[in-house]
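Listing of target.cif, mmCIF, C-alpha atoms and all ligand atoms
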data_upload
#
loop_
_atom_site.label_atom_id
_atom_site.label_comp_id
_atom_site.auth_asym_id
_atom_site.auth_seq_id
_atom_site.Cartn_x
_atom_site.Cartn_y
_atom_site.Cartn_z
CA MET A 231 167.46 48.54 73.56
CA GLY A 232 164.70 48.05 76.03
CA VAL A 233 164.76 45.29 78.59
CA GLY A 234 161.03 44.74 78.34
CA VAL A 235 158.05 45.71 80.43
CA LEU A 236 158.48 43.12 83.21
CA LYS A 237 162.03 44.19 84.02
CA LYS A 238 161.72 47.91 83.37
CA TYR A 239 158.53 48.49 85.33
CA GLY A 240 158.46 45.41 87.56
CA GLU A 241 158.09 47.47 90.74
CA PHE A 242 154.70 48.70 89.47
CA LEU A 243 153.46 45.27 88.38
CA PRO A 244 151.88 42.38 90.33
CA LEU A 245 155.01 40.20 90.13
CA THR A 246 156.15 37.65 92.70
CA GLU A 247 159.32 35.62 93.11
CA ASP A 248 157.66 32.93 91.01
CA THR A 249 156.74 35.12 88.06
CA PRO A 250 158.89 34.27 85.04
CA ILE A 251 160.70 37.34 83.69
CA PHE A 252 161.12 37.43 79.94
CA SER A 253 160.62 39.77 77.00
CA LEU A 254 160.07 39.75 73.27
CA GLY A 255 161.26 43.37 73.25
CA GLU A 256 157.97 45.07 74.13
CA GLY A 257 157.79 48.62 75.45
CA ASP A 258 160.18 51.54 75.14
CA THR A 259 158.37 52.67 72.02
CA PRO A 260 159.23 56.01 70.37
CA LEU A 261 157.49 59.25 71.25
CA VAL A 262 157.92 61.16 68.01
CA LYS A 263 157.51 64.92 67.82
CA SER A 264 155.14 66.09 65.11
CA ASN A 265 156.74 68.18 62.42
CA ARG A 266 153.72 69.31 60.42
CA LEU A 267 150.30 68.35 61.79
CA GLY A 268 150.95 69.91 65.19
CA LYS A 269 151.63 73.29 63.58
CA GLU A 270 148.66 72.98 61.25
CA LEU A 271 146.39 72.17 64.19
CA GLY A 272 147.83 74.94 66.35
CA CYS A 273 149.19 72.69 69.13
CA LYS A 274 151.98 74.02 71.29
CA GLU A 275 153.51 70.54 71.14
CA LEU A 276 152.22 67.36 69.54
CA TYR A 277 153.73 63.90 69.92
CA PHE A 278 152.85 60.48 68.56
CA LYS A 279 153.45 57.38 70.70
CA LEU A 280 154.33 54.63 68.24
CA GLU A 281 152.90 51.48 69.74
CA GLY A 282 153.18 49.76 66.37
CA CYS A 283 156.89 49.44 67.22
CA ASN A 284 156.13 46.69 69.72
CA PRO A 285 157.23 43.16 68.71
CA THR A 286 153.91 42.08 67.22
CA GLY A 287 153.09 45.55 65.94
CA SER A 288 150.62 46.80 68.54
CA PHE A 289 150.26 47.98 72.15
CA LYS A 290 148.78 44.63 73.13
CA ASP A 291 152.26 43.22 73.80
CA ARG A 292 152.65 45.34 76.95
CA GLY A 293 149.66 43.73 78.59
CA MET A 294 150.17 40.32 77.08
CA VAL A 295 153.65 39.87 78.52
CA VAL A 296 152.23 40.39 82.03
CA ALA A 297 149.09 38.28 81.45
CA ILE A 298 151.12 35.41 80.02
CA ALA A 299 153.78 35.61 82.73
CA LYS A 300 151.07 35.37 85.39
CA ALA A 301 149.35 32.54 83.51
CA VAL A 302 152.61 30.55 83.52
CA GLU A 303 153.18 31.38 87.18
CA GLU A 304 149.72 30.00 87.95
CA GLY A 305 150.45 26.80 86.05
CA ALA A 306 148.35 27.37 82.95
CA VAL A 307 148.97 25.15 79.96
CA GLY A 308 146.89 27.22 77.59
CA ILE A 309 145.39 30.66 77.07
CA MET A 310 142.42 31.94 75.12
CA CYS A 311 141.23 35.27 73.79
CA ALA A 312 138.66 36.79 71.49
CA SER A 313 140.13 39.32 69.14
CA THR A 314 139.66 41.76 66.31
CA GLY A 315 143.22 40.74 65.40
CA ASN A 316 145.93 42.40 67.44
CA THR A 317 145.23 40.65 70.73
CA SER A 318 145.32 37.29 68.96
CA ALA A 319 148.63 38.10 67.27
CA SER A 320 150.16 39.12 70.58
CA ALA A 321 148.72 36.19 72.56
CA ALA A 322 149.96 33.77 69.91
CA ALA A 323 153.49 35.21 69.92
CA TYR A 324 154.00 35.14 73.69
CA SER A 325 152.45 31.67 73.86
CA ALA A 326 154.89 30.43 71.22
CA TYR A 327 157.80 31.82 73.24
CA LEU A 328 156.68 30.01 76.39
CA ASP A 329 155.31 26.84 74.82
CA LEU A 330 151.70 27.48 75.81
CA GLN A 331 148.77 26.47 73.65
CA ALA A 332 147.02 29.60 72.36
CA PHE A 333 143.36 29.50 71.32
CA VAL A 334 142.08 32.57 69.53
CA LEU A 335 138.48 33.28 68.57
CA ILE A 336 138.15 35.80 65.79
CA PRO A 337 135.14 37.18 63.95
CA LYS A 338 135.08 35.39 60.61
CA GLY A 339 136.12 37.57 57.67
CA GLU A 340 136.59 40.68 59.79
CA VAL A 341 140.25 40.55 60.77
CA ALA A 342 142.97 42.32 58.75
CA LEU A 343 145.10 39.86 56.81
CA GLY A 344 148.40 40.77 58.46
CA LYS A 345 147.00 39.95 61.90
CA LEU A 346 145.57 36.64 60.79
CA ALA A 347 148.91 35.82 59.16
CA GLN A 348 150.65 36.49 62.48
CA ALA A 349 148.38 34.21 64.51
CA MET A 350 148.88 31.48 61.91
CA ALA A 351 152.65 31.85 61.81
CA TYR A 352 152.98 31.84 65.60
CA GLY A 353 151.00 28.61 65.67
CA ALA A 354 147.81 29.52 67.50
CA ARG A 355 144.70 27.42 67.12
CA ILE A 356 142.46 29.82 65.24
CA ILE A 357 138.73 29.46 65.71
CA MET A 358 136.73 31.61 63.30
CA VAL A 359 133.40 32.55 64.81
CA ASP A 360 130.51 33.34 62.52
CA GLY A 361 129.67 36.41 64.59
CA ASN A 362 131.25 39.61 65.80
CA PHE A 363 133.90 40.32 68.45
CA ASP A 364 131.34 40.74 71.22
CA ALA A 365 129.89 37.29 70.55
CA ALA A 366 133.39 35.80 70.50
CA LEU A 367 134.30 37.41 73.83
CA THR A 368 131.12 36.06 75.43
CA LEU A 369 132.10 32.55 74.27
CA VAL A 370 135.66 32.97 75.56
CA ARG A 371 134.43 34.07 78.98
CA GLU A 372 132.21 31.01 79.25
CA PHE A 373 134.81 28.58 77.86
CA THR A 374 137.49 29.74 80.28
CA ARG A 375 135.09 29.38 83.20
CA ASN A 376 134.62 25.71 82.31
CA HIS A 377 138.13 24.74 81.22
CA PRO A 378 141.59 25.17 82.79
CA ILE A 379 142.56 27.75 80.18
CA THR A 380 143.46 31.34 81.09
CA LEU A 381 141.49 34.19 79.55
CA VAL A 382 143.88 36.91 78.29
CA ASN A 383 141.50 39.55 77.02
CA SER A 384 141.71 42.87 78.85
CA VAL A 385 139.08 41.73 81.37
CA ASN A 386 142.15 39.93 82.76
CA PRO A 387 143.49 42.65 85.12
CA HIS A 388 147.11 41.74 84.34
CA ARG A 389 146.57 43.05 80.81
CA ILE A 390 145.64 46.48 82.16
CA GLU A 391 148.63 46.41 84.52
CA GLY A 392 151.02 45.84 81.65
CA GLN A 393 149.41 48.37 79.36
CA LYS A 394 149.59 51.14 81.95
CA THR A 395 153.37 51.16 81.41
CA ALA A 396 152.82 53.14 78.21
CA ALA A 397 151.58 56.05 80.34
CA PHE A 398 154.72 55.74 82.47
CA GLU A 399 156.88 55.97 79.36
CA VAL A 400 155.09 59.06 78.08
CA ALA A 401 155.54 60.74 81.46
CA ASP A 402 159.16 59.60 81.79
CA VAL A 403 160.04 61.05 78.37
CA LEU A 404 158.11 64.33 78.72
CA GLY A 405 159.07 64.84 82.35
CA ASP A 406 155.39 65.21 83.23
CA ALA A 407 152.01 64.04 81.99
CA PRO A 408 150.82 65.66 78.75
CA ASP A 409 147.87 68.07 78.92
CA TYR A 410 145.79 66.00 76.51
CA LEU A 411 145.96 62.33 75.54
CA PHE A 412 144.09 61.25 72.39
CA ILE A 413 143.44 57.52 72.08
CA PRO A 414 141.25 55.11 70.09
CA VAL A 415 138.61 53.20 72.06
CA GLY A 416 137.40 49.70 71.21
CA ASN A 417 136.99 47.32 74.12
CA ALA A 418 138.15 50.27 76.28
CA GLY A 419 140.99 48.43 78.01
CA ASN A 420 143.69 50.76 76.79
CA ILE A 421 142.09 54.05 77.87
CA THR A 422 141.52 52.37 81.25
CA ALA A 423 145.17 51.32 81.41
CA TYR A 424 146.61 54.71 80.47
CA TRP A 425 144.45 56.46 83.05
CA LYS A 426 145.52 53.97 85.71
CA GLY A 427 149.16 54.58 84.80
CA PHE A 428 148.87 58.35 84.91
CA VAL A 429 146.99 58.28 88.22
CA GLU A 430 149.59 55.98 89.80
CA TYR A 431 152.49 58.15 88.66
CA HIS A 432 150.69 61.23 89.94
CA GLN A 433 150.07 59.62 93.33
CA LEU A 434 153.78 58.79 93.52
CA GLU A 435 154.54 62.43 92.64
CA ARG A 436 156.43 61.40 89.54
CA THR A 437 154.21 63.85 87.65
CA ARG A 438 152.70 67.15 88.70
CA THR A 439 149.66 66.95 86.45
CA LEU A 440 147.16 64.54 84.94
CA PRO A 441 146.08 64.55 81.28
CA ARG A 442 142.59 64.99 79.91
CA MET A 443 141.68 61.62 78.41
CA MET A 444 140.22 62.04 74.92
CA GLY A 445 138.88 58.71 73.64
CA PHE A 446 137.48 58.09 70.17
CA GLN A 447 135.23 55.34 68.89
CA ALA A 448 134.33 54.76 65.25
CA ALA A 449 130.93 56.28 64.52
CA GLY A 450 129.40 52.93 63.51
CA ALA A 451 130.79 51.27 66.63
CA ALA A 452 130.29 53.93 69.29
CA PRO A 453 128.35 52.33 72.15
CA ILE A 454 129.91 54.50 74.85
CA VAL A 455 129.07 57.69 72.94
CA HIS A 456 125.48 56.57 72.35
CA GLY A 457 125.06 55.13 75.83
CA HIS A 458 123.93 51.65 74.76
CA PRO A 459 125.50 48.54 73.19
CA ILE A 460 125.55 48.38 69.40
CA ALA A 461 124.31 45.00 68.18
CA ASN A 462 125.95 45.14 64.75
CA PRO A 463 128.94 47.50 64.92
CA GLN A 464 130.37 48.63 61.59
CA THR A 465 133.55 50.52 60.68
CA ILE A 466 136.45 50.29 58.29
CA ALA A 467 138.69 50.29 61.40
CA SER A 468 138.16 46.58 62.08
CA ALA A 469 140.29 46.61 65.25
CA ILE A 470 137.69 48.76 67.02
CA ARG A 471 134.57 47.16 65.55
CA ILE A 472 133.24 46.43 69.03
CA GLY A 473 129.67 46.99 70.18
CA ASN A 474 129.77 46.23 73.90
CA PRO A 475 133.14 47.19 75.45
CA ALA A 476 134.23 45.14 78.46
CA SER A 477 135.81 48.14 80.22
CA TRP A 478 132.90 50.50 79.54
CA GLN A 479 132.51 51.74 83.13
CA GLN A 480 136.26 52.23 83.59
CA ALA A 481 136.37 54.28 80.38
CA LEU A 482 133.59 56.54 81.67
CA LYS A 483 135.51 56.95 84.90
CA ALA A 484 138.71 57.86 83.03
CA ARG A 485 136.75 60.39 81.00
CA ASP A 486 134.98 61.95 83.97
CA ASP A 487 137.85 61.93 86.46
CA SER A 488 140.18 63.49 83.88
CA GLY A 489 137.77 66.10 82.55
CA GLY A 490 138.08 64.54 79.11
CA THR A 491 135.65 63.25 76.52
CA ILE A 492 134.68 60.13 74.61
CA ASP A 493 133.52 61.05 71.13
CA LYS A 494 133.08 59.38 67.76
CA VAL A 495 134.78 59.83 64.40
CA SER A 496 133.37 58.75 61.03
CA ASP A 497 135.12 56.32 58.72
CA ASP A 498 135.86 59.26 56.37
CA GLU A 499 137.50 61.14 59.25
CA ILE A 500 139.49 58.03 60.20
CA LEU A 501 140.71 57.55 56.62
CA GLU A 502 141.62 61.23 56.29
CA ALA A 503 143.68 61.04 59.48
CA TYR A 504 145.22 57.73 58.35
CA ARG A 505 146.43 59.36 55.13
CA LEU A 506 147.59 62.58 56.80
CA LEU A 507 149.56 60.73 59.44
CA ALA A 508 151.47 58.87 56.76
CA SER A 509 151.84 61.64 54.17
CA ARG A 510 152.53 64.57 56.53
CA GLU A 511 154.45 62.84 59.31
CA GLY A 512 155.91 59.67 57.81
CA LEU A 513 154.02 57.53 60.32
CA PHE A 514 152.00 54.54 59.13
CA GLY A 515 149.46 53.49 61.71
CA GLU A 516 146.58 51.13 61.16
CA PRO A 517 143.12 52.66 60.62
CA ALA A 518 141.97 52.12 64.21
CA SER A 519 145.09 53.95 65.38
CA ALA A 520 144.21 56.89 63.20
CA ALA A 521 141.03 57.37 65.24
CA SER A 522 143.13 59.23 67.81
CA VAL A 523 144.41 61.65 65.17
CA ALA A 524 140.94 61.92 63.62
CA GLY A 525 139.63 62.83 67.04
CA LEU A 526 142.28 65.50 67.48
CA ILE A 527 141.46 67.02 64.08
CA LYS A 528 137.73 66.92 64.84
CA GLN A 529 138.11 68.59 68.22
CA VAL A 530 140.34 71.35 66.81
CA ARG A 531 137.86 71.96 63.97
CA GLN A 532 135.14 72.27 66.60
CA GLY A 533 137.13 74.98 68.35
CA LEU A 534 139.38 73.26 70.88
CA ASN A 535 142.35 75.59 71.37
CA LEU A 536 145.61 73.74 71.97
CA SER A 537 148.00 76.68 71.51
CA ASP A 538 149.17 76.35 75.08
CA GLN A 539 148.86 72.58 75.38
CA ARG A 540 151.12 69.58 75.16
CA VAL A 541 149.29 66.84 73.27
CA VAL A 542 150.02 63.14 72.78
CA CYS A 543 148.25 60.88 70.24
CA ILE A 544 148.55 57.15 70.73
CA ILE A 545 149.22 55.30 67.47
CA THR A 546 148.16 51.90 68.72
CA GLY A 547 149.16 49.60 65.84
CA SER A 548 151.17 49.36 62.63
CA GLY A 549 149.70 50.18 59.24
CA LEU A 550 151.48 47.17 57.79
CA LYS A 551 148.89 44.91 59.34
CA ASP A 552 146.27 45.99 56.83
CA PRO A 553 148.08 46.55 53.52
CA ASP A 554 144.96 45.99 51.42
CA LEU A 555 143.29 49.00 52.93
CA ALA A 556 146.29 51.22 52.30
CA VAL A 557 146.46 50.21 48.66
CA SER A 558 142.73 50.57 48.09
CA SER A 559 142.18 53.80 50.00
CA VAL A 560 145.20 55.91 49.15
CA THR A 561 145.21 57.51 45.72
CA ALA A 562 147.78 55.45 43.87
CA GLN A 563 150.92 57.32 42.90
CA THR A 564 152.21 54.68 40.52
CA ILE A 565 153.12 55.10 36.87
CA GLU A 566 154.11 52.21 34.62
CA VAL A 567 156.88 52.81 32.06
CA GLU A 568 159.11 51.05 29.55
CA PRO A 569 162.66 50.45 30.92
CA THR A 570 164.15 53.48 29.13
CA MET A 571 165.59 56.76 30.43
CA GLU A 572 163.21 58.78 28.27
CA ALA A 573 160.24 57.08 29.86
CA VAL A 574 161.60 57.39 33.42
CA GLU A 575 162.43 61.09 32.90
CA ALA A 576 159.03 61.73 31.45
CA ALA A 577 157.36 59.99 34.38
CA ALA A 578 159.58 61.49 37.10
CA LEU A 579 159.52 65.08 35.84
CA ALA A 580 155.94 65.29 34.58
CA THR A 581 153.97 67.98 36.36
CA ALA A 582 151.31 66.26 38.37
C1 LIG A 601 145.22 48.98 66.82
O1 LIG A 601 142.82 42.96 69.24
O2 LIG A 601 140.25 44.63 70.77
O3 LIG A 601 139.99 50.03 73.59
O4 LIG A 601 140.94 42.18 69.97
O5 LIG A 601 143.91 46.71 67.86
O6 LIG A 601 141.83 48.62 74.52
O7 LIG A 601 140.15 47.65 72.94
C2 LIG A 601 142.03 45.59 69.57
C3 LIG A 601 141.82 46.88 69.91
C4 LIG A 601 142.94 50.36 69.33
C5 LIG A 601 141.29 49.51 70.91
N1 LIG A 601 143.87 50.24 68.37
O8 LIG A 601 141.85 49.26 72.17
C6 LIG A 601 141.71 43.12 69.74
C7 LIG A 601 141.25 44.48 70.09
C8 LIG A 601 144.19 49.03 67.87
C9 LIG A 601 143.56 47.89 68.37
C10 LIG A 601 142.29 49.27 69.85
C11 LIG A 601 142.58 48.01 69.37
P1 LIG A 601 140.91 48.87 73.38
#

Write the structure described by the file as structure tokens, please.
Amino acid sequence: MGVGVLKKYGEFLPLTEDTPIFSLGEGDTPLVKSNRLGKELGCKELYFKLEGCNPTGSFKDRGMVVAIAKAVEEGAVGIMCASTGNTSASAAAYSAYLDLQAFVLIPKGEVALGKLAQAMAYGARIIMVDGNFDAALTLVREFTRNHPITLVNSVNPHRIEGQKTAAFEVADVLGDAPDYLFIPVGNAGNITAYWKGFVEYHQLERTRTLPRMMGFQAAGAAPIVHGHPIANPQTIASAIRIGNPASWQQALKARDDSGGTIDKVSDDEILEAYRLLASREGLFGEPASAASVAGLIKQVRQGLNLSDQRVVCIITGSGLKDPDLAVSSVTAQTIEVEPTMEAVEAAALATA
């Protein structure tokens, strides 16, 4: 089992003698080789990085463990974040572990039930804002300027430091950077973090190459693609329903320095990828996570040739966080029967 991000990658993190070292088991997530989609899409090799295997079910834990450790080191008694759900779940969990007060601002009615359940169970103070994520983040920035509470959104640089360890893991497992990295983009912290991680490893000569960074926003929430903030972002992938990403400029830099792209995928493309990932690979990511796979499918359909390329898709969060969507969007394969063998045989053996 992993020792956690602080211990495993401490030499690459801004730790001091006074930084508390602890872990809820974050990091060391699986890099699973595709069995079917990679072949269908003509990739030489395709892997999925399962960030839903982190303790609260998303990649946020990597950054949160560093941000919270530094907050404790600096004497904070409380932390605050705005969130589309996963950041709040993670912040609440690490705060519970260290007896910090967590305040989370979430857009009312727009957070998947599993994520809200997590924040509640971990004991955060949940403040529902009658507005979107961008409005909530603006309020959090101002609140934390005026109160002795630490902001733990990804504008906190410690979050990016922790999240870059996912790039280290990919490179450590593959023995080099992949050729292409496909990743969902919301507030754009994660694409920033991966690029930072790959660049640092490259500078240290732990890798020979750098990946092309391929970021994907939901079409109704694609400010970076359109080149201006979106006032009222809309997408079924609620985690990335963000209209004014905090790390916008860093995402552009990752794109341009890597020779990659930031593109958009429609909700239909996201849902198709969400279903394919589960039904063809046995991997259940949340809809926002499927944006990376949707982006890969879109690019291949548009002619991108990956026959000589090693490709990694980041599956940023677990599908279990949003069970309602799975049940409502996947064609139900359920048949109700009487408790008799005749009925079960008829149901099991019927030709579909
Ligand atoms: C599953 O939790 O912004 O581009 O407040 O939950 O680094 O924002 C979540 C974002 C991708 C986008 N996949 O990452 C939040 C939040 C999942 C996510 C993203 C999020 P960033």

Taking all atoms of ligand LIG 601 (chain A) that appear in the file, build a box with edges along x, y and z, extend it by 6 Å on every side, and state its centre and edge lengths in Å to one decimal, as JSON.
{"center_x": 142.6, "center_y": 46.3, "center_z": 70.7, "size_x": 17.2, "size_y": 20.2, "size_z": 19.7}

Write out as CSV the residues of chain A that have any atom within 7 Å of an atom of ligand LIG 601 (chain A), one row each with the nearest atom pair and its distance in Å to one decimal, counting all atoms listed in the file, sorted by chain and then rising number.
residue,atom,partner,partner_atom,distance
A:Ser288,CA,A:LIG601,C1,6.1
A:Ala312,CA,A:LIG601,O4,6.0
A:Ser313,CA,A:LIG601,O4,3.1
A:Thr314,CA,A:LIG601,O4,3.9
A:Gly315,CA,A:LIG601,O1,4.5
A:Asn316,CA,A:LIG601,O1,3.6
A:Thr317,CA,A:LIG601,O1,3.7
A:Ser318,CA,A:LIG601,O1,6.2
A:Pro414,CA,A:LIG601,C4,5.1
A:Val415,CA,A:LIG601,O3,3.8
A:Gly416,CA,A:LIG601,O3,3.5
A:Asn417,CA,A:LIG601,O7,3.4
A:Ala418,CA,A:LIG601,O3,3.3
A:Gly419,CA,A:LIG601,O6,3.6
A:Asn420,CA,A:LIG601,O6,3.6
A:Ile421,CA,A:LIG601,O3,6.2
A:Ala469,CA,A:LIG601,O5,4.5
A:Ile470,CA,A:LIG601,C5,5.4
A:Glu516,CA,A:LIG601,C1,6.2
A:Ala518,CA,A:LIG601,N1,4.9
A:Ser519,CA,A:LIG601,N1,4.9
A:Thr546,CA,A:LIG601,C1,4.6
A:Gly547,CA,A:LIG601,C1,4.1

May I have the residues at most 9 Å from (139.6, 59.8, 79.0) in the file's coordinates, counting all atoms listed in the file, as a PyMOL selection string? chain A and resi 411-413+421-422+424-425+441-445+481-492

Output of the above residues as a compact mmCIF listing (two decimals), in the coordinates of the input, restricted to C-alpha atoms:
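Written file, again-v1.txt:
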# COMPACT_ATOMS: atom_id res chain seq x y z
CA LEU A 411 145.96 62.33 75.54
CA PHE A 412 144.09 61.25 72.39
CA ILE A 413 143.44 57.52 72.08
CA ILE A 421 142.09 54.05 77.87
CA THR A 422 141.52 52.37 81.25
CA TYR A 424 146.61 54.71 80.47
CA TRP A 425 144.45 56.46 83.05
CA PRO A 441 146.08 64.55 81.28
CA ARG A 442 142.59 64.99 79.91
CA MET A 443 141.68 61.62 78.41
CA MET A 444 140.22 62.04 74.92
CA GLY A 445 138.88 58.71 73.64
CA ALA A 481 136.37 54.28 80.38
CA LEU A 482 133.59 56.54 81.67
CA LYS A 483 135.51 56.95 84.90
CA ALA A 484 138.71 57.86 83.03
CA ARG A 485 136.75 60.39 81.00
CA ASP A 486 134.98 61.95 83.97
CA ASP A 487 137.85 61.93 86.46
CA SER A 488 140.18 63.49 83.88
CA GLY A 489 137.77 66.10 82.55
CA GLY A 490 138.08 64.54 79.11
CA THR A 491 135.65 63.25 76.52
CA ILE A 492 134.68 60.13 74.61

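Interatomic distance, atom CA of Ile565 of chain A to atom CA of Ala580 of chain A: 10.8 Å.
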
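The residue that comes closest to Asp493 of chain A, out of A:Ala521, A:His458, A:Ile472, A:Gln480 and on the basis of only C-alpha atoms, is A:Ala521.
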
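Distances here use only C-alpha atoms; by that measure, the residue among A:Gln331, A:Asn265, A:Ser253, A:Ser477 closest to Ser384 of chain A is A:Ser477.
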
Within 8 Å of Gln539 of chain A, counting all atoms listed in the file, which residues qualify if same-chain residues fewer than 2 places away don't, as a PyMOL selection string? chain A and resi 273-275+408-410+536-537+541

Residues near Ile527 of chain A, anyone? I mean within 9 Å using all atoms listed in the file, not counting same-chain ones fewer than 6 positions away, as a PyMOL selection string. chain A and resi 271+499+503

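One finds atom CA of Arg266 of chain A at 17.0 Å from atom CA of Asn535 of chain A.
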
Using Å and a single decimal, report how far atom CA of Ala397 of chain A sits from atom CA of Arg438 of chain A. 13.9 Å

Nearest residue to Arg510 of chain A from the set A:Leu267, A:Val370, A:Ile379, A:Ile460 (distances using all atoms listed in the file): A:Leu267
